[in-house]
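Below is start15.csv, which holds CSV, C-alpha atoms.
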chain,number,residue,atom,x,y,z
S,1,MET,CA,3.8,-8.8,-7.6
S,2,PRO,CA,7.1,-7.1,-8.6
S,3,ASP,CA,7.1,-3.4,-8.7
S,4,VAL,CA,8.1,-2.6,-12.2
S,5,ALA,CA,7.8,0.6,-14.2
S,6,PRO,CA,4.6,0.6,-16.2
S,7,ALA,CA,4.6,0.8,-20.0
S,8,PRO,CA,4.6,4.4,-21.3
S,9,ALA,CA,1.0,5.6,-21.8
S,10,GLN,CA,1.7,6.7,-25.3
S,11,ASP,CA,2.4,3.2,-26.6
S,12,ILE,CA,-0.7,1.6,-25.3
S,13,ALA,CA,-3.0,4.6,-25.6
S,14,THR,CA,-5.6,4.7,-28.3
S,15,GLU,CA,-6.3,7.7,-30.4
S,16,ARG,CA,-9.2,8.8,-28.2
S,17,THR,CA,-9.0,12.0,-26.3
S,18,GLY,CA,-11.0,13.8,-23.6
S,19,TRP,CA,-14.0,12.0,-22.0
S,20,ARG,CA,-13.8,9.2,-24.6
S,21,ALA,CA,-10.3,8.4,-23.4
S,22,VAL,CA,-11.5,8.3,-19.8
S,23,VAL,CA,-14.4,6.0,-20.7
S,24,ALA,CA,-12.0,3.8,-22.7
S,25,ASP,CA,-9.5,3.6,-19.8
S,26,TRP,CA,-12.2,2.7,-17.2
S,27,SER,CA,-13.9,0.1,-19.4
S,28,ALA,CA,-10.8,-1.5,-20.8
S,29,ASP,CA,-11.1,-4.5,-18.5
S,30,ARG,CA,-7.5,-4.1,-17.4
S,31,ARG,CA,-5.6,-1.7,-15.1
S,32,THR,CA,-7.4,1.6,-15.3
S,33,PHE,CA,-4.6,4.1,-14.7
S,34,ARG,CA,-2.5,3.4,-17.8
S,35,GLY,CA,1.1,4.4,-17.6
S,36,VAL,CA,0.8,5.0,-13.8
S,37,SER,CA,2.5,2.7,-11.3
S,38,TRP,CA,0.6,1.2,-8.4
S,39,GLY,CA,2.7,3.2,-6.0
S,40,LYS,CA,1.7,6.5,-7.5
S,41,ALA,CA,-2.0,5.5,-8.0
S,42,MET,CA,-2.2,4.4,-4.4
S,43,MET,CA,-0.6,7.6,-3.1
S,44,TRP,CA,-3.1,9.6,-5.0
S,45,ILE,CA,-6.0,7.6,-3.6
S,46,PHE,CA,-4.6,8.0,-0.1
S,47,LEU,CA,-4.3,11.7,-0.7
S,48,LEU,CA,-7.9,11.8,-1.8
S,49,SER,CA,-9.0,10.1,1.4
S,50,ASP,CA,-6.9,12.5,3.4
S,51,THR,CA,-8.7,15.4,1.5
S,52,PHE,CA,-12.0,14.2,2.9
S,53,ILE,CA,-10.6,14.0,6.5
S,54,PHE,CA,-9.3,17.6,6.3
S,55,SER,CA,-12.5,18.7,4.6
S,56,CYS,CA,-14.5,17.3,7.5
S,57,PHE,CA,-12.3,19.1,10.1
S,58,LEU,CA,-12.7,22.4,8.2
S,59,ILE,CA,-16.4,22.0,7.8
S,60,ALA,CA,-16.9,21.1,11.5
S,61,TYR,CA,-14.9,24.3,12.3
S,62,MET,CA,-17.1,26.3,10.0
S,63,THR,CA,-20.3,24.8,11.5
S,64,ALA,CA,-19.1,25.7,15.1
S,65,ARG,CA,-18.1,29.2,14.1
S,66,MET,CA,-21.2,30.0,12.1
S,67,SER,CA,-23.7,28.7,14.7
S,68,THR,CA,-22.3,30.2,17.8
S,69,THR,CA,-23.8,33.4,19.3
S,70,VAL,CA,-20.5,34.3,21.0
S,71,PRO,CA,-18.0,36.4,18.9
S,72,TRP,CA,-15.2,34.3,17.4
S,73,PRO,CA,-11.6,35.4,18.5
S,74,ASN,CA,-9.9,37.6,15.9
S,75,ALA,CA,-7.2,35.5,14.4
S,76,SER,CA,-5.4,38.6,13.2
S,77,GLU,CA,-4.9,39.7,16.8
S,78,VAL,CA,-4.5,36.3,18.4
S,79,PHE,CA,-1.6,35.4,16.1
S,80,ALA,CA,0.0,38.8,16.1
S,81,LEU,CA,3.6,39.0,17.2
S,82,GLU,CA,5.7,42.0,18.4
S,83,ILE,CA,8.9,42.1,16.5
S,84,PHE,CA,11.4,45.0,17.1
S,85,GLY,CA,8.8,47.0,18.8
S,86,THR,CA,6.2,46.8,16.0
S,87,ASN,CA,3.0,44.8,16.3
S,88,LEU,CA,2.6,42.7,13.2
S,89,PRO,CA,-0.7,40.9,12.7
S,90,LEU,CA,-0.5,37.2,11.7
S,91,ILE,CA,3.2,37.5,11.0
S,92,LEU,CA,4.3,34.0,12.3
S,93,ILE,CA,1.6,32.4,10.2
S,94,ALA,CA,2.8,34.3,7.1
S,95,ILE,CA,6.4,33.2,7.8
S,96,MET,CA,5.2,29.6,8.2
S,97,THR,CA,3.4,29.8,4.9
S,98,PHE,CA,6.5,31.0,3.1
S,99,VAL,CA,8.6,28.3,4.7
S,100,LEU,CA,6.2,25.6,3.6
S,101,ILE,CA,6.0,27.0,0.1
S,102,SER,CA,9.7,27.1,-0.1
S,103,SER,CA,9.9,23.4,0.9
S,104,SER,CA,7.4,22.6,-1.9
S,105,GLY,CA,9.7,24.4,-4.3
S,106,THR,CA,12.8,22.4,-3.3
S,107,MET,CA,10.8,19.2,-3.3
S,108,ALA,CA,9.6,19.9,-6.9
S,109,MET,CA,13.2,20.3,-8.0
S,110,ALA,CA,14.3,17.2,-6.1
S,111,VAL,CA,11.7,15.2,-8.1
S,112,ASN,CA,13.1,16.8,-11.3
S,113,PHE,CA,16.7,15.9,-10.5
S,114,ALA,CA,15.6,12.4,-9.5
S,115,TYR,CA,14.3,11.8,-13.0
S,116,ARG,CA,17.7,13.0,-14.3
S,117,ARG,CA,19.3,10.4,-12.0
S,118,ASP,CA,21.3,13.0,-10.2
S,119,ARG,CA,21.9,11.3,-6.8
S,120,VAL,CA,23.6,14.2,-5.0
S,121,LYS,CA,21.3,17.0,-6.0
S,122,THR,CA,18.2,15.0,-5.4
S,123,ALA,CA,19.4,14.0,-1.9
S,124,LEU,CA,20.5,17.5,-1.0
S,125,LEU,CA,17.2,19.1,-2.2
S,126,MET,CA,15.2,16.5,-0.2
S,127,LEU,CA,17.3,17.3,2.9
S,128,ALA,CA,16.6,21.0,2.3
S,129,THR,CA,12.9,20.1,2.1
S,130,ALA,CA,13.0,18.2,5.3
S,131,LEU,CA,14.8,21.1,7.0
S,132,PHE,CA,12.1,23.5,5.9
S,133,GLY,CA,9.5,21.1,7.2
S,134,ALA,CA,11.2,20.7,10.6
S,135,ALA,CA,11.4,24.5,10.8
S,136,PHE,CA,7.7,24.7,10.1
S,137,VAL,CA,6.9,22.2,12.9
S,138,GLY,CA,9.3,24.1,15.2
S,139,MET,CA,7.3,27.3,14.6
S,140,GLN,CA,4.1,25.5,15.1
S,141,ALA,CA,5.4,24.2,18.5
S,142,PHE,CA,6.3,27.8,19.4
S,143,GLU,CA,2.8,29.0,18.4
S,144,TRP,CA,1.1,26.3,20.5
S,145,THR,CA,3.3,27.1,23.5
S,146,LYS,CA,2.4,30.8,23.2
S,147,LEU,CA,-1.3,30.1,23.0
S,148,ILE,CA,-1.3,27.6,25.8
S,149,HIS,CA,0.5,30.1,28.0
S,150,GLU,CA,-2.2,32.7,27.1
S,151,GLY,CA,-4.8,30.3,28.4
S,152,VAL,CA,-6.2,28.7,25.2
S,153,ARG,CA,-7.6,25.3,25.9
S,154,PRO,CA,-9.8,23.0,23.8
S,155,TRP,CA,-12.7,24.0,26.0
S,156,GLU,CA,-12.0,27.7,26.7
S,157,ASN,CA,-10.0,30.8,25.8
S,158,PRO,CA,-9.8,34.4,27.0
S,159,TRP,CA,-11.1,36.0,23.9
S,160,GLY,CA,-14.5,34.5,22.8
S,161,ALA,CA,-16.2,31.4,21.6
S,162,PRO,CA,-14.8,28.4,23.5
S,163,GLN,CA,-14.8,26.2,20.3
S,164,PHE,CA,-11.9,28.2,19.0
S,165,GLY,CA,-9.3,26.2,21.0
S,166,ALA,CA,-10.8,22.8,19.9
S,167,ALA,CA,-10.8,23.8,16.3
S,168,PHE,CA,-7.3,25.3,16.4
S,169,PHE,CA,-5.6,22.3,18.2
S,170,MET,CA,-7.4,19.7,16.1
S,171,ILE,CA,-6.8,21.3,12.7
S,172,THR,CA,-3.2,22.6,13.2
S,173,GLY,CA,-2.3,19.5,15.2
S,174,PHE,CA,-3.5,17.1,12.6
S,175,HIS,CA,-1.7,19.1,9.9
S,176,GLY,CA,1.5,19.3,12.0
S,177,THR,CA,1.4,15.5,12.4
S,178,HIS,CA,1.3,15.2,8.6
S,179,VAL,CA,4.3,17.5,8.3
S,180,THR,CA,6.2,15.5,10.9
S,181,ILE,CA,5.5,12.2,9.2
S,182,GLY,CA,6.5,13.9,5.9
S,183,VAL,CA,9.9,14.9,7.3
S,184,ILE,CA,10.6,11.3,8.5
S,185,PHE,CA,9.5,10.0,5.1
S,186,LEU,CA,11.8,12.5,3.3
S,187,LEU,CA,14.8,11.6,5.4
S,188,ILE,CA,14.3,7.9,4.8
S,189,ILE,CA,14.0,8.3,1.0
S,190,ALA,CA,16.9,10.9,0.9
S,191,ARG,CA,19.1,8.3,2.6
S,192,LYS,CA,18.2,5.7,0.0
S,193,VAL,CA,18.9,8.1,-2.8
S,194,TRP,CA,22.2,9.2,-1.3
S,195,ARG,CA,23.3,5.6,-0.9
S,196,GLY,CA,22.4,4.8,-4.5
S,197,ASP,CA,19.8,2.2,-3.7
S,198,PHE,CA,17.9,2.9,-6.8
S,199,ASP,CA,20.9,2.5,-9.1
S,200,GLN,CA,22.2,-0.7,-7.6
S,201,GLY,CA,18.8,-2.3,-7.1
S,202,ARG,CA,19.4,-2.7,-3.4
S,203,LYS,CA,16.6,-4.5,-1.6
S,204,GLY,CA,14.4,-2.6,0.9
S,205,PHE,CA,14.5,-3.4,4.6
S,206,PHE,CA,10.8,-4.0,5.0
S,207,THR,CA,9.8,-5.0,1.5
S,208,SER,CA,12.8,-7.1,0.5
S,209,ARG,CA,12.4,-5.6,-3.0
S,210,SER,CA,14.4,-3.2,-4.9
S,211,GLY,CA,12.9,0.3,-5.2
S,212,ARG,CA,12.8,2.7,-8.1
S,213,TRP,CA,13.6,6.3,-8.5
S,214,GLU,CA,9.8,7.0,-8.8
S,215,ILE,CA,9.5,6.9,-5.0
S,216,VAL,CA,11.0,10.4,-5.0
S,217,GLU,CA,8.0,11.6,-7.0
S,218,ILE,CA,5.6,9.7,-4.7
S,219,THR,CA,7.2,11.2,-1.7
S,220,GLY,CA,6.9,14.6,-3.4
S,221,LEU,CA,3.1,14.0,-4.0
S,222,TYR,CA,2.7,13.6,-0.2
S,223,TRP,CA,4.8,16.6,0.6
S,224,HIS,CA,3.0,18.9,-1.9
S,225,PHE,CA,-0.3,17.7,-0.4
S,226,VAL,CA,0.8,18.8,3.0
S,227,ASP,CA,1.5,22.3,1.5
S,228,LEU,CA,-1.8,22.2,-0.3
S,229,VAL,CA,-3.7,21.5,3.0
S,230,TRP,CA,-1.9,24.5,4.6
S,231,VAL,CA,-3.2,26.7,1.8
S,232,PHE,CA,-6.8,25.9,2.8
S,233,ILE,CA,-6.1,26.1,6.6
S,234,PHE,CA,-4.4,29.5,6.0
S,235,ALA,CA,-7.4,30.8,4.1
S,236,PHE,CA,-10.2,29.4,6.3
S,237,PHE,CA,-8.7,29.4,9.8
S,238,TYR,CA,-6.3,32.3,9.8
S,239,LEU,CA,-7.7,34.8,7.3
S,240,TRP,CA,-11.5,34.3,7.9
B,241,MET,CA,14.0,20.1,-22.6
B,242,ALA,CA,10.6,19.3,-24.0
B,243,HIS,CA,7.7,18.6,-21.8
B,244,ALA,CA,7.1,14.9,-21.6
B,245,ALA,CA,5.4,12.6,-19.2
B,246,THR,CA,6.7,9.0,-19.6
B,247,ALA,CA,6.8,6.1,-17.3
B,248,GLU,CA,10.4,7.0,-16.5
B,249,GLY,CA,9.2,10.3,-15.2
B,250,GLN,CA,8.2,13.9,-15.8
B,251,GLN,CA,10.7,15.9,-17.7
B,252,HIS,CA,10.2,19.6,-17.4
B,253,PRO,CA,12.7,22.5,-17.3
B,254,ILE,CA,13.7,23.7,-13.8
B,255,LYS,CA,12.6,27.2,-14.8
B,256,LEU,CA,9.0,26.1,-14.8
B,257,TYR,CA,9.2,25.2,-11.1
B,258,LEU,CA,11.0,28.4,-10.2
B,259,VAL,CA,8.3,30.4,-11.9
B,260,VAL,CA,5.5,28.6,-10.1
B,261,TRP,CA,7.5,29.0,-6.8
B,262,GLY,CA,7.7,32.7,-7.4
B,263,TRP,CA,3.9,32.9,-8.1
B,264,LEU,CA,3.1,31.0,-5.0
B,265,PHE,CA,5.2,33.5,-3.0
B,266,ILE,CA,3.4,36.5,-4.7
B,267,LEU,CA,0.0,35.0,-4.1
B,268,SER,CA,0.8,34.2,-0.5
B,269,ALA,CA,2.0,37.8,0.0
B,270,PHE,CA,-1.3,39.0,-1.5
B,271,SER,CA,-3.2,36.8,0.9
B,272,TYR,CA,-1.3,38.2,3.8
B,273,LEU,CA,-1.9,41.8,2.6
B,274,VAL,CA,-5.6,41.1,2.6
B,275,ASP,CA,-5.4,40.7,6.4
B,276,TYR,CA,-2.7,43.4,6.8
B,277,PHE,CA,-4.9,46.1,5.3
B,278,GLN,CA,-8.0,44.8,7.2
B,279,LEU,CA,-10.1,44.4,4.1
B,280,GLU,CA,-13.7,43.4,5.1
B,281,GLY,CA,-16.8,41.9,3.7
B,282,MET,CA,-17.3,40.4,0.3
B,283,LEU,CA,-14.1,41.9,-1.0
B,284,ARG,CA,-12.1,40.1,1.7
B,285,TRP,CA,-13.8,36.8,1.0
B,286,ALA,CA,-13.5,37.1,-2.8
B,287,LEU,CA,-9.8,37.8,-2.6
B,288,ILE,CA,-9.0,35.1,0.0
B,289,LEU,CA,-10.8,32.5,-2.1
B,290,LEU,CA,-9.3,33.7,-5.3
B,291,PHE,CA,-5.7,33.5,-4.0
B,292,MET,CA,-6.4,30.2,-2.3
B,293,ALA,CA,-7.8,28.7,-5.5
B,294,LEU,CA,-4.9,29.9,-7.6
B,295,LYS,CA,-2.3,28.6,-5.2
B,296,ALA,CA,-4.0,25.2,-4.9
B,297,GLY,CA,-4.3,25.0,-8.7
B,298,LEU,CA,-0.7,25.7,-9.2
B,299,ILE,CA,0.4,23.2,-6.6
B,300,ILE,CA,-1.8,20.4,-8.0
B,301,ALA,CA,-1.2,21.1,-11.7
B,302,VAL,CA,2.5,21.8,-11.8
B,303,PHE,CA,4.2,20.6,-8.5
B,304,MET,CA,2.0,17.4,-8.4
B,305,HIS,CA,2.2,17.0,-12.2
B,306,MET,CA,-1.6,16.6,-12.5
B,307,ALA,CA,-1.6,18.6,-15.7
B,308,TRP,CA,0.4,15.9,-17.4
B,309,GLU,CA,-1.4,12.8,-16.1
B,310,ARG,CA,-3.9,10.8,-18.1
B,311,LEU,CA,-7.5,12.1,-17.7
B,312,ALA,CA,-8.6,8.8,-16.3
B,313,LEU,CA,-6.5,9.5,-13.2
B,314,THR,CA,-7.1,13.2,-13.1
B,315,TYR,CA,-10.9,12.9,-13.0
B,316,ALA,CA,-10.8,10.0,-10.6
B,317,ILE,CA,-8.8,12.2,-8.1
B,318,LEU,CA,-10.2,15.7,-8.7
B,319,LEU,CA,-13.9,15.0,-9.2
B,320,PRO,CA,-14.8,13.2,-5.9
B,321,PRO,CA,-13.7,16.2,-3.7
B,322,LEU,CA,-16.5,18.2,-5.4
B,323,VAL,CA,-19.0,16.4,-3.3
B,324,VAL,CA,-17.5,18.1,-0.3
B,325,LEU,CA,-19.1,21.3,-1.7
B,326,VAL,CA,-22.5,19.6,-1.2
B,327,PHE,CA,-21.6,18.8,2.3
B,328,LEU,CA,-20.4,22.3,2.8
B,329,GLY,CA,-23.8,23.7,1.6
B,330,ILE,CA,-25.7,21.3,3.9
B,331,MET,CA,-23.7,22.4,6.9
B,332,MET,CA,-24.0,26.1,6.1
B,333,PHE,CA,-27.8,25.7,5.9
B,334,GLU,CA,-27.7,23.8,9.2
B,335,SER,CA,-25.5,26.4,10.9
B,336,ASP,CA,-27.8,29.2,9.9
B,337,TYR,CA,-30.7,27.2,11.4
B,338,THR,CA,-28.9,26.5,14.6
B,339,LEU,CA,-27.9,30.1,15.0
B,340,TYR,CA,-31.4,31.3,14.4
B,341,MET,CA,-32.7,28.9,17.0
B,342,ARG,CA,-30.1,30.0,19.5
B,343,GLU,CA,-30.8,33.6,19.0
B,344,THR,CA,-34.6,33.1,19.2
B,345,PHE,CA,-34.8,30.7,22.2
B,346,PHE,CA,-31.6,31.1,24.1
B,347,ALA,CA,-31.0,34.8,23.8
B,348,GLY,CA,-28.5,35.8,26.5
B,349,ALA,CA,-27.0,32.3,27.1
B,350,ALA,CA,-23.5,31.8,25.9
B,351,LEU,CA,-23.7,28.9,23.4
Encoding of this model in structure tokens:
Amino acid sequence: MPDVAPAPAQDIATERTGWRAVVADWSADRRTFRGVSWGKAMMWIFLLSDTFIFSCFLIAYMTARMSTTVPWPNASEVFALEIFGTNLPLILIAIMTFVLISSSGTMAMAVNFAYRRDRVKTALLMLATALFGAAFVGMQAFEWTKLIHEGVRPWENPWGAPQFGAAFFMITGFHGTHVTIGVIFLLIIARKVWRGDFDQGRKGFFTSRSGRWEIVEITGLYWHFVDLVWVFIFAFFYLW
Amino acid sequence: MAHAATAEGQQHPIKLYLVVWGWLFILSAFSYLVDYFQLEGMLRWALILLFMALKAGLIIAVFMHMAWERLALTYAILLPPLVVLVFLGIMMFESDYTLYMRETFFAGAAL
């Protein structure tokens, strides 16, 4: 099936609004998500499934933490860093949070310029996003190294409940993997944008089909989701 | 430029993204300050969850453009995660029970 831009929702939409529109769309006996391309709909459905995966990790962590009789290590102290002689609690995590939010900001603007067909600005903003993402993964590698040197393992740690290590490595590791994949994804699409693939209708290497500018927004959805997951990890793992 | 969500894309002024970006920075700073000032108890939880919800809402609504999608898609994506809250409730109940059992029958053992 060729990947074509769907008809604008306004043209095919009926006058219904609210829940009536939802019911009409779902019962129309045709593609449900009007005005939404398959690529975008499928990315959203993938993100929904990923939401459940991360939810399960966080709930497993909560269950371990709430049911143990051993005190949980204090994240504020575990992740503190000494910078210029002052001991700052949780500072690395705060910097990582700001880096990831900044990458989301540049990504949102890349999507905006993509829809204005601005090749150079879109590619540069996507590269900036990838750079922020790589910086984030780098800081995470630093954090892991530090904790491993201090004796944190998935089965033990020097400060308290042994489940701390398992939860930490599992949750941040899975998130870091997502960021890494996102960086690769960004670089591939940025190259296509830079080369002008979407203006010339150049065929993709794997798909043998020409892509559309919308792939920038779809990449953006994935990237913002990675940032979104970090919001929850920051709140539940680091601030609890 | 007027707000419009068409098949050819979302057209919003750049300023909108910069404002949201700024708010995300401010809210993250507030979250960090909750820890920095060592706030405890219900106040800590309320603030953490409030800032978390606001940040998540801004990212989904504006950065991911959910605010301008058709409701059929919005509900299909945003309603299912609510069942996670049920799971969350079940596991909180279960954790309390496990902790109670451990404290009652395994007092002194590191579990």
Exercise for the section: Could you please tell me, as a PyMOL selection string, which residues of chain S have an atom within 6 Å of chain B when using all atoms listed in the file? Expected result: chain S and resi 8+22+33+35+63+66-68+105+108+115+221+228
Write a file of the selected residues as a short mmCIF file (atom, residue, chain, number, x, y, z; two decimals), keeping the file's coordinate frame, keeping C-alpha atoms.
data_model
loop_
_atom_site.label_atom_id
_atom_site.label_comp_id
_atom_site.auth_asym_id
_atom_site.auth_seq_id
_atom_site.Cartn_x
_atom_site.Cartn_y
_atom_site.Cartn_z
CA PRO S 8 4.60 4.40 -21.30
CA VAL S 22 -11.50 8.30 -19.80
CA PHE S 33 -4.60 4.10 -14.70
CA GLY S 35 1.10 4.40 -17.60
CA THR S 63 -20.30 24.80 11.50
CA MET S 66 -21.20 30.00 12.10
CA SER S 67 -23.70 28.70 14.70
CA THR S 68 -22.30 30.20 17.80
CA GLY S 105 9.70 24.40 -4.30
CA ALA S 108 9.60 19.90 -6.90
CA TYR S 115 14.30 11.80 -13.00
CA LEU S 221 3.10 14.00 -4.00
CA LEU S 228 -1.80 22.20 -0.30
#
Across S:Ser76, S:Ser210, S:Leu88, S:Ile148, the smallest distance to Leu279 (chain B), with all atoms listed in the file counted, is shown by S:Ser76
**Item:** Answer as a ChimeraX atom specification, residues within 12 Å of (21.2, 1.2, -3.3) using all atoms listed in the file
**Value:** /S:119,189-205,209-213
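CA of Val36 (chain S) is found 17.9 Å from CA of Arg16 (chain S).
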Next on the checklist: I'd like the interatomic distance between CA of Leu186 (chain S) and CA of Ala130 (chain S), to a tenth of an Å.
Outcome noted: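 Between CA of Leu186 (chain S) and CA of Ala130 (chain S) the gap works out to 6.2 Å.
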So the first atom is CA of Ile171 (chain S) and the second is CA of Met282 (chain B); what is the distance between them in Å, to one decimal place?
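Result for CA of Ile171 (chain S) versus CA of Met282 (chain B): 25.1 Å, one decimal.
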